[in-house]
file data.cif (mmCIF, C-alpha atoms)
data_input
loop_
_atom_site.label_atom_id
_atom_site.label_comp_id
_atom_site.auth_asym_id
_atom_site.auth_seq_id
_atom_site.Cartn_x
_atom_site.Cartn_y
_atom_site.Cartn_z
CA MET Z 1 25.87 44.54 -55.95
CA ILE Z 2 28.43 46.95 -54.48
CA ASP Z 3 28.86 50.25 -56.35
CA LYS Z 4 32.62 50.95 -56.17
CA GLU Z 5 32.30 54.43 -57.63
CA LEU Z 6 29.68 55.30 -55.04
CA LEU Z 7 31.97 54.26 -52.18
CA THR Z 8 35.15 55.89 -53.46
CA SER Z 9 33.91 59.21 -54.87
CA TYR Z 10 34.28 62.72 -53.53
CA PHE Z 11 31.23 64.92 -52.99
CA THR Z 12 30.59 68.66 -53.00
CA LYS Z 13 28.39 70.74 -50.74
CA SER Z 14 25.89 71.21 -53.58
CA GLN Z 15 26.15 67.74 -55.15
CA ASN Z 16 25.52 64.76 -52.89
CA ILE Z 17 26.53 61.17 -53.50
CA SER Z 18 23.53 58.86 -53.23
CA TRP Z 19 24.77 56.74 -50.31
CA PRO Z 20 21.88 54.46 -49.29
CA CYS Z 21 20.40 54.96 -45.84
CA SER Z 22 21.51 52.10 -43.56
CA THR Z 23 18.42 52.46 -41.39
CA CYS Z 24 15.57 52.13 -43.91
CA SER Z 25 17.44 51.09 -47.11
CA ASN Z 26 14.88 53.07 -49.11
CA GLY Z 27 16.23 56.62 -48.95
CA TYR Z 28 19.65 58.10 -49.58
CA LEU Z 29 21.81 60.58 -47.70
CA VAL Z 30 21.49 64.33 -48.33
CA ILE Z 31 23.34 67.12 -46.53
CA ASN Z 32 21.59 69.27 -43.99
CA GLU Z 33 23.07 72.42 -45.46
CA ASP Z 34 22.95 74.50 -42.30
CA THR Z 35 25.16 71.91 -40.55
CA PHE Z 36 27.96 71.80 -43.14
CA PHE Z 37 31.21 73.32 -41.91
CA SER Z 38 34.68 73.18 -43.49
CA LYS Z 39 38.00 74.83 -42.70
CA GLU Z 40 41.38 74.87 -44.37
CA THR Z 41 44.00 72.98 -42.34
CA SER Z 42 46.89 74.90 -40.73
CA VAL Z 43 49.47 73.18 -42.96
CA SER Z 44 47.43 74.18 -46.00
CA GLN Z 45 47.15 77.77 -44.80
CA LYS Z 46 50.91 78.04 -44.26
CA GLY Z 47 51.51 76.71 -47.76
CA HIS Z 48 50.01 79.83 -49.33
CA SER Z 49 53.18 81.80 -48.49
CA HIS Z 50 55.42 79.37 -50.40
CA TYR Z 51 56.74 80.76 -53.69
CA GLY Z 52 55.73 77.59 -55.55
CA TRP Z 53 52.22 77.37 -54.09
CA GLU Z 54 49.59 75.65 -56.23
CA PRO Z 55 45.83 75.27 -55.60
CA GLU Z 56 46.36 71.51 -55.47
CA TRP Z 57 48.15 72.03 -52.13
CA VAL Z 58 44.94 73.14 -50.43
CA SER Z 59 43.38 70.74 -47.93
CA PHE Z 60 40.28 71.00 -45.76
CA VAL Z 61 38.57 69.26 -42.89
CA TYR Z 62 34.79 69.12 -42.76
CA SER Z 63 31.91 68.03 -40.55
CA CYS Z 64 28.19 67.90 -41.25
CA ILE Z 65 24.92 66.08 -40.67
CA PHE Z 66 23.37 64.03 -43.45
CA ARG Z 67 19.70 63.05 -43.31
CA CYS Z 68 17.78 60.29 -45.04
CA SER Z 69 15.77 61.52 -48.04
CA ASN Z 70 12.92 59.20 -47.02
CA ASN Z 71 10.66 61.41 -44.88
CA ASN Z 72 9.20 58.33 -43.21
CA CYS Z 73 12.69 57.52 -41.94
CA ASN Z 74 14.50 60.88 -41.60
CA GLU Z 75 17.52 59.22 -39.97
CA GLN Z 76 20.41 61.58 -39.15
CA PHE Z 77 24.06 60.73 -39.88
CA ALA Z 78 27.06 62.56 -38.44
CA SER Z 79 29.99 62.71 -40.84
CA SER Z 80 33.49 64.15 -40.96
CA GLY Z 81 36.45 63.92 -43.30
CA HIS Z 82 38.83 65.88 -45.47
CA GLY Z 83 38.71 67.83 -48.70
CA CYS Z 84 40.73 69.40 -51.49
CA LEU Z 85 40.26 71.63 -54.50
CA ASP Z 86 39.01 69.93 -57.64
CA VAL Z 87 39.91 71.47 -60.98
CA ASP Z 88 37.57 71.74 -63.95
CA ILE Z 89 37.70 73.56 -67.29
CA GLU Z 90 34.97 76.10 -68.01
CA GLU Z 91 34.60 78.79 -70.65
CA ASP Z 92 34.41 82.42 -69.54
CA ASP Z 93 32.03 85.02 -70.98
CA HIS Z 94 34.27 85.29 -74.04
CA GLY Z 95 34.39 81.55 -74.69
CA ILE Z 96 37.97 81.21 -73.45
CA PRO Z 97 38.67 78.00 -71.47
CA GLN Z 98 39.92 78.55 -67.94
CA GLN Z 99 40.66 76.45 -64.90
CA VAL Z 100 38.05 76.63 -62.15
CA TYR Z 101 38.73 75.23 -58.68
CA SER Z 102 35.99 74.13 -56.29
CA PRO Z 103 36.09 72.30 -52.92
CA CYS Z 104 35.28 68.60 -52.86
CA PHE Z 105 35.22 66.29 -49.86
CA GLU Z 106 35.85 62.66 -48.91
CA PRO Z 107 34.32 61.10 -45.78
CA TYR Z 108 36.44 59.44 -43.10
CA TYR Z 109 33.56 58.75 -40.74
CA PHE Z 110 29.80 58.16 -40.57
CA TYR Z 111 27.65 57.58 -37.51
CA PRO Z 112 25.53 55.51 -37.78
CA SER Z 113 27.82 53.67 -40.17
CA LEU Z 114 26.73 52.94 -43.71
CA LYS Z 115 25.71 49.39 -44.59
CA ILE Z 116 28.21 48.47 -47.30
CA ILE Z 117 26.81 45.03 -48.14
CA ASP Z 118 23.51 43.25 -47.57
CA ILE Z 119 23.53 41.05 -44.47
CA PRO Z 120 20.81 38.37 -44.54
CA GLU Z 121 18.51 38.39 -41.51
CA ASN Z 122 19.59 34.89 -40.46
CA VAL Z 123 23.27 35.81 -40.03
CA PRO Z 124 24.25 35.23 -36.36
CA ASP Z 125 24.69 38.35 -34.24
CA ASP Z 126 28.42 37.85 -33.59
CA ILE Z 127 29.13 37.80 -37.33
CA THR Z 128 26.88 40.83 -37.94
CA ASN Z 129 28.63 42.75 -35.15
CA GLN Z 130 32.06 42.18 -36.69
CA LEU Z 131 30.80 43.28 -40.09
CA ASN Z 132 29.28 46.45 -38.63
CA LYS Z 133 32.63 47.24 -36.97
CA SER Z 134 34.24 46.75 -40.36
CA PHE Z 135 31.75 49.14 -42.00
CA GLU Z 136 32.50 51.77 -39.33
CA LEU Z 137 36.18 51.76 -40.34
CA PHE Z 138 35.75 51.37 -44.10
CA PHE Z 139 36.28 55.04 -44.95
CA SER Z 140 39.01 55.83 -42.42
CA SER Z 141 41.13 52.67 -42.13
CA PRO Z 142 40.93 50.01 -44.86
CA SER Z 143 43.36 47.75 -42.99
CA ALA Z 144 41.29 47.82 -39.80
CA ALA Z 145 38.10 47.24 -41.81
CA ILE Z 146 39.68 44.19 -43.41
CA ASN Z 147 40.81 42.84 -40.02
CA HIS Z 148 37.24 42.90 -38.70
CA ALA Z 149 35.97 41.22 -41.87
CA ARG Z 150 38.61 38.52 -41.38
CA SER Z 151 37.33 38.03 -37.83
CA ALA Z 152 33.86 37.58 -39.30
CA LEU Z 153 35.31 34.77 -41.45
CA GLU Z 154 36.55 32.98 -38.31
CA LEU Z 155 33.06 33.28 -36.83
CA ILE Z 156 31.48 31.91 -40.01
CA LEU Z 157 33.68 28.81 -39.65
CA ASN Z 158 32.58 28.52 -36.01
CA HIS Z 159 28.97 28.60 -37.18
CA LEU Z 160 29.75 25.83 -39.68
CA LYS Z 161 31.15 23.72 -36.79
CA VAL Z 162 34.68 23.71 -38.21
CA PRO Z 163 37.09 22.66 -35.40
CA LYS Z 164 39.27 25.39 -33.88
CA THR Z 165 41.76 23.09 -32.16
CA THR Z 166 43.30 19.66 -32.61
CA ILE Z 167 45.57 17.24 -30.72
CA ASN Z 168 49.16 17.25 -32.03
CA ASN Z 169 51.75 14.46 -31.98
CA LYS Z 170 52.75 15.44 -28.45
CA LYS Z 171 49.17 14.89 -27.26
CA LYS Z 172 48.72 18.62 -26.70
CA ARG Z 173 45.72 20.64 -27.82
CA VAL Z 174 46.77 23.33 -30.30
CA LYS Z 175 44.96 25.87 -32.43
CA ILE Z 176 44.24 25.18 -36.08
CA ASN Z 177 45.24 28.07 -38.33
CA LEU Z 178 42.64 29.72 -40.52
CA HIS Z 179 43.86 28.18 -43.77
CA ASN Z 180 43.64 24.66 -42.37
CA ARG Z 181 40.24 25.35 -40.85
CA ILE Z 182 38.95 26.32 -44.31
CA ASP Z 183 40.40 23.07 -45.69
CA LYS Z 184 38.35 21.16 -43.11
CA LEU Z 185 35.02 22.48 -44.40
CA ALA Z 186 32.36 19.83 -44.77
CA LYS Z 187 31.72 18.50 -48.26
CA GLN Z 188 28.39 20.32 -48.60
CA HIS Z 189 30.28 23.61 -48.35
CA SER Z 190 33.30 22.62 -50.44
CA GLU Z 191 32.28 25.05 -53.22
CA LEU Z 192 32.87 27.92 -50.77
CA LYS Z 193 36.52 27.05 -50.10
CA GLU Z 194 37.91 29.19 -52.91
CA LEU Z 195 35.84 32.15 -51.76
CA LEU Z 196 36.82 31.80 -48.11
CA LEU Z 197 40.49 31.41 -48.99
CA ALA Z 198 40.36 34.61 -51.02
CA ILE Z 199 38.89 36.42 -48.00
CA LYS Z 200 41.67 34.94 -45.85
CA TRP Z 201 44.44 36.15 -48.19
CA ILE Z 202 43.06 39.68 -48.30
CA GLY Z 203 42.63 39.52 -44.53
CA ASN Z 204 46.29 38.59 -44.14
CA GLU Z 205 47.24 41.73 -46.04
CA GLY Z 206 45.29 43.81 -43.53
CA SER Z 207 47.45 42.44 -40.70
CA HIS Z 208 50.69 43.82 -42.14
CA PRO Z 209 51.26 47.49 -41.17
CA GLU Z 210 53.65 48.02 -44.07
CA LYS Z 211 50.90 47.27 -46.59
CA SER Z 212 49.09 50.31 -47.97
CA LEU Z 213 45.58 49.00 -48.53
CA THR Z 214 42.80 50.96 -50.20
CA LYS Z 215 39.02 51.07 -50.09
CA ASN Z 216 39.01 49.11 -53.37
CA ASP Z 217 40.84 46.27 -51.59
CA VAL Z 218 38.15 46.21 -48.90
CA ILE Z 219 35.41 46.28 -51.54
CA ASP Z 220 36.96 43.21 -53.23
CA LEU Z 221 36.72 41.38 -49.92
CA TYR Z 222 33.16 42.60 -49.27
CA GLU Z 223 31.98 41.41 -52.69
CA ILE Z 224 33.19 37.89 -52.00
CA LEU Z 225 31.90 37.93 -48.43
CA GLU Z 226 28.46 39.11 -49.54
CA HIS Z 227 28.17 36.10 -51.84
CA VAL Z 228 29.27 33.73 -49.05
CA LEU Z 229 26.67 35.15 -46.65
CA SER Z 230 23.97 34.82 -49.28
CA GLU Z 231 24.88 31.19 -49.95
CA LEU Z 232 24.94 30.26 -46.27
CA PHE Z 233 22.21 32.33 -44.68
CA ASP Z 234 19.78 33.65 -47.30
CA ASN Z 235 16.65 31.53 -47.03
CA LYS Z 236 15.30 33.00 -50.25
CA SER Z 237 18.28 31.68 -52.16
CA LYS Z 238 17.91 28.25 -50.54
CA THR Z 239 14.17 28.16 -51.25
CA ILE Z 240 14.71 28.89 -54.92
CA LEU Z 241 17.43 26.24 -55.13
CA ALA Z 242 15.19 23.67 -53.44
CA LYS Z 243 12.38 24.50 -55.88
CA ALA Z 244 14.75 24.06 -58.83
CA LYS Z 245 15.87 20.67 -57.49
CA ARG Z 246 12.24 19.51 -57.14
CA ILE Z 247 11.49 20.52 -60.73
CA ASN Z 248 14.63 18.79 -61.99
CA LYS Z 249 13.79 15.62 -60.07
CA ALA Z 250 10.25 15.59 -61.46
CA LYS Z 251 11.54 16.57 -64.91
CA GLY Z 252 8.92 19.30 -65.01
CA ILE Z 253 6.12 20.81 -62.97
CA LYS Z 254 3.82 18.18 -61.42
#
call {"tool": "encode", "arguments": {"input": "data.cif", "output": "structure tokens"}}
result
Amino acid sequence: MIDKELLTSYFTKSQNISWPCSTCSNGYLVINEDTFFSKETSVSQKGHSHYGWEPEWVSFVYSCIFRCSNNNCNEQFASSGHGCLDVDIEEDDHGIPQQVYSPCFEPYYFYPSLKIIDIPENVPDDITNQLNKSFELFFSSPSAAINHARSALELILNHLKVPKTTINNKKKRVKINLHNRIDKLAKQHSELKELLLAIKWIGNEGSHPEKSLTKNDVIDLYEILEHVLSELFDNKSKTILAKAKRINKAKGIK
């Protein structure tokens, strides 16, 4: 299950977000404090001289190294991104509420990339590679992340032996568009059509530069795609289903 809040939240230098480690999947990312560096951008610095300046105008860039909290893993992750000032209300020594501003940060980049969804071990390498490229761009470019996920959909159809071309009325071989390829899915996968079409529609949005897509849009696609991958490639799921069918056929445990 994807945690939307986890993937869309800001963090502070003293308060990490528990992003799971993509190497071991057991630990979570914590900041190596001596590597954290942030600086106010030049545009932000120039804004201080404006007569209408507000703290909300402040912007930062940051870079740091995260490490996995699992000492048996201890993977290192390079990260960079931007930041701003977050406002909170606190009481002073006299109990009077006052606004308090503190820096908070949002990642644009992780290396190695975070694993946003679970990819079953049996997923073919070409599909996995496209998904990893999508994960690399999730934080910095939602549209590009969606485009790579859409490419993964094409590869899934290849794996399912769905034709990519056909002969038209003029006896010429032409490509079959993605929508029609999905319609050609074999009957045993017909229940996936709605899911794959939803991925296609979101993928189409990623191809239009005028569309302003968000991380939440990518997460919607990932949630559907994760279910599709589980249905197609997760042996555990298939084993459980086969067991259930045997019990149903025997009308009990024999």
call {"tool": "resolve_selection", "arguments": {"input": "data.cif", "expression": "the PyMOL selection byres ((chain Z and resi 11) around 9)", "output": "compact mmCIF listing (two decimals) with C-alpha atoms, in the frame of the given file"}}
result
# COMPACT_ATOMS: atom_id res chain seq x y z
CA SER Z 9 33.91 59.21 -54.87
CA TYR Z 10 34.28 62.72 -53.53
CA THR Z 12 30.59 68.66 -53.00
CA LYS Z 13 28.39 70.74 -50.74
CA SER Z 14 25.89 71.21 -53.58
CA GLN Z 15 26.15 67.74 -55.15
CA ASN Z 16 25.52 64.76 -52.89
CA ILE Z 17 26.53 61.17 -53.50
CA PRO Z 103 36.09 72.30 -52.92
CA CYS Z 104 35.28 68.60 -52.86
CA PHE Z 105 35.22 66.29 -49.86
CA GLU Z 106 35.85 62.66 -48.91
CA PRO Z 107 34.32 61.10 -45.78
call {"tool": "closest_atom_pairs", "arguments": {"input": "data.cif", "of": "stretch 178-225 of chain Z", "to": "stretch 147-169 of chain Z", "cutoff": "8 Å", "atoms": "all atoms listed in the file", "output": "CSV"}}
result
residue,atom,partner,partner_atom,distance
Z:Leu178,CA,Z:Glu154,CA,7.3
Z:Arg181,CA,Z:Val162,CA,6.4
Z:Ile182,CA,Z:Leu157,CA,7.5
Z:Lys184,CA,Z:Val162,CA,6.6
Z:Leu185,CA,Z:Val162,CA,6.3
Z:Ala186,CA,Z:Val162,CA,8.0
Z:Leu196,CA,Z:Leu153,CA,7.4
Z:Ile199,CA,Z:Arg150,CA,7.0
Z:Lys200,CA,Z:Arg150,CA,6.5
Z:Gly203,CA,Z:Arg150,CA,5.2
Z:Gly206,CA,Z:Asn147,CA,5.8
Z:Ser207,CA,Z:Asn147,CA,6.7
call {"tool": "closest_residue", "arguments": {"input": "data.cif", "among": "Z:Ala78, Z:Ile65, Z:Leu114, Z:Val58", "to": "Z:Ser102", "atoms": "all atoms listed in the file"}}
result
Z:Val58
call {"tool": "resolve_selection", "arguments": {"input": "data.cif", "expression": "the PyMOL selection byres ((chain Z and resi 131-139) around 8)", "output": "PDB file with C-alpha atoms, keeping the file's coordinate frame"}}
result
ATOM      1  CA  PRO Z 107      34.320  61.100 -45.780  1.00  0.00           C
ATOM      2  CA  TYR Z 108      36.440  59.440 -43.100  1.00  0.00           C
ATOM      3  CA  TYR Z 109      33.560  58.750 -40.740  1.00  0.00           C
ATOM      4  CA  PHE Z 110      29.800  58.160 -40.570  1.00  0.00           C
ATOM      5  CA  TYR Z 111      27.650  57.580 -37.510  1.00  0.00           C
ATOM      6  CA  SER Z 113      27.820  53.670 -40.170  1.00  0.00           C
ATOM      7  CA  LEU Z 114      26.730  52.940 -43.710  1.00  0.00           C
ATOM      8  CA  LYS Z 115      25.710  49.390 -44.590  1.00  0.00           C
ATOM      9  CA  ILE Z 116      28.210  48.470 -47.300  1.00  0.00           C
ATOM     10  CA  ILE Z 127      29.130  37.800 -37.330  1.00  0.00           C
ATOM     11  CA  THR Z 128      26.880  40.830 -37.940  1.00  0.00           C
ATOM     12  CA  ASN Z 129      28.630  42.750 -35.150  1.00  0.00           C
ATOM     13  CA  GLN Z 130      32.060  42.180 -36.690  1.00  0.00           C
ATOM     14  CA  SER Z 140      39.010  55.830 -42.420  1.00  0.00           C
ATOM     15  CA  SER Z 141      41.130  52.670 -42.130  1.00  0.00           C
ATOM     16  CA  PRO Z 142      40.930  50.010 -44.860  1.00  0.00           C
ATOM     17  CA  ALA Z 144      41.290  47.820 -39.800  1.00  0.00           C
ATOM     18  CA  ALA Z 145      38.100  47.240 -41.810  1.00  0.00           C
ATOM     19  CA  ILE Z 146      39.680  44.190 -43.410  1.00  0.00           C
ATOM     20  CA  ASN Z 147      40.810  42.840 -40.020  1.00  0.00           C
ATOM     21  CA  HIS Z 148      37.240  42.900 -38.700  1.00  0.00           C
ATOM     22  CA  ALA Z 149      35.970  41.220 -41.870  1.00  0.00           C
ATOM     23  CA  ALA Z 152      33.860  37.580 -39.300  1.00  0.00           C
ATOM     24  CA  LYS Z 215      39.020  51.070 -50.090  1.00  0.00           C
ATOM     25  CA  VAL Z 218      38.150  46.210 -48.900  1.00  0.00           C
TER      26      VAL Z 218
END
call {"tool": "resolve_selection", "arguments": {"input": "data.cif", "expression": "the PyMOL selection byres ((chain Z and resi 85) around 10)", "output": "NGL selection string"}}
result
:Z and (55-60 or 83-84 or 86-88 or 100-105)
call {"tool": "residues_around", "arguments": {"input": "data.cif", "residues": "Z:Gln98", "least_positions_apart": "3", "cutoff": "9 Å", "atoms": "all atoms listed in the file", "output": "PyMOL selection string"}}
result
chain Z and resi 88-92
call {"tool": "write_last_selection", "arguments": {"input": "data.cif", "atoms": "C-alpha atoms", "output": "short mmCIF file (atom, residue, chain, number, x, y, z; two decimals), in the coordinates of the input"}}
result
data_model
loop_
_atom_site.label_atom_id
_atom_site.label_comp_id
_atom_site.auth_asym_id
_atom_site.auth_seq_id
_atom_site.Cartn_x
_atom_site.Cartn_y
_atom_site.Cartn_z
CA ASP Z 88 37.57 71.74 -63.95
CA ILE Z 89 37.70 73.56 -67.29
CA GLU Z 90 34.97 76.10 -68.01
CA GLU Z 91 34.60 78.79 -70.65
CA ASP Z 92 34.41 82.42 -69.54
#
call {"tool": "closest_residue", "arguments": {"input": "data.cif", "among": "Z:Ser38, Z:Asn32, Z:Gln45, Z:Ser143", "to": "Z:Gly81", "atoms": "all atoms listed in the file"}}
result
Z:Ser38
call {"tool": "atom_distance", "arguments": {"input": "data.cif", "atom1": "atom CA of Z:Leu229", "atom2": "atom CA of Z:Ser18"}}
result
24.8 Å
call {"tool": "closest_residue", "arguments": {"input": "data.cif", "among": "Z:Ser49, Z:Ser212, Z:Asn26, Z:Asn122", "to": "Z:Asn72", "atoms": "only C-alpha atoms"}}
result
Z:Asn26
call {"tool": "atom_distance", "arguments": {"input": "data.cif", "atom1": "atom CA of Z:Glu194", "atom2": "atom CA of Z:Leu213"}}
result
21.7 Å
call {"tool": "atom_distance", "arguments": {"input": "data.cif", "atom1": "atom CA of Z:Lys172", "atom2": "atom CA of Z:Lys193"}}
result
27.7 Å
call {"tool": "closest_residue", "arguments": {"input": "data.cif", "among": "Z:Gly47, Z:Pro20, Z:Pro124, Z:Pro112", "to": "Z:Ser69", "atoms": "all atoms listed in the file"}}
result
Z:Pro20
call {"tool": "residues_around", "arguments": {"input": "data.cif", "residues": "stretch 35-37 of chain Z", "least_positions_apart": "2", "cutoff": "10 Å", "atoms": "only C-alpha atoms", "output": "ChimeraX atom specification"}}
result
/Z:13,31-33,39,61-66,78-80
call {"tool": "closest_residue", "arguments": {"input": "data.cif", "among": "Z:His179, Z:Ser42, Z:Asn74, Z:Ala198", "to": "Z:Glu223", "atoms": "all atoms listed in the file"}}
result
Z:Ala198
call {"tool": "axis_aligned_box", "arguments": {"input": "data.cif", "around": "stretch 38-51 of chain Z", "padding_each_side": "8 Å", "output": "AutoDock Vina command-line options"}}
result
--center_x 45.7 --center_y 77.4 --center_z -47.2 --size_x 38.1 --size_y 24.8 --size_z 29.0
call {"tool": "closest_residue", "arguments": {"input": "data.cif", "among": "Z:Val174, Z:Cys73, Z:Cys68, Z:Val228", "to": "Z:Leu29", "atoms": "only C-alpha atoms"}}
result
Z:Cys68
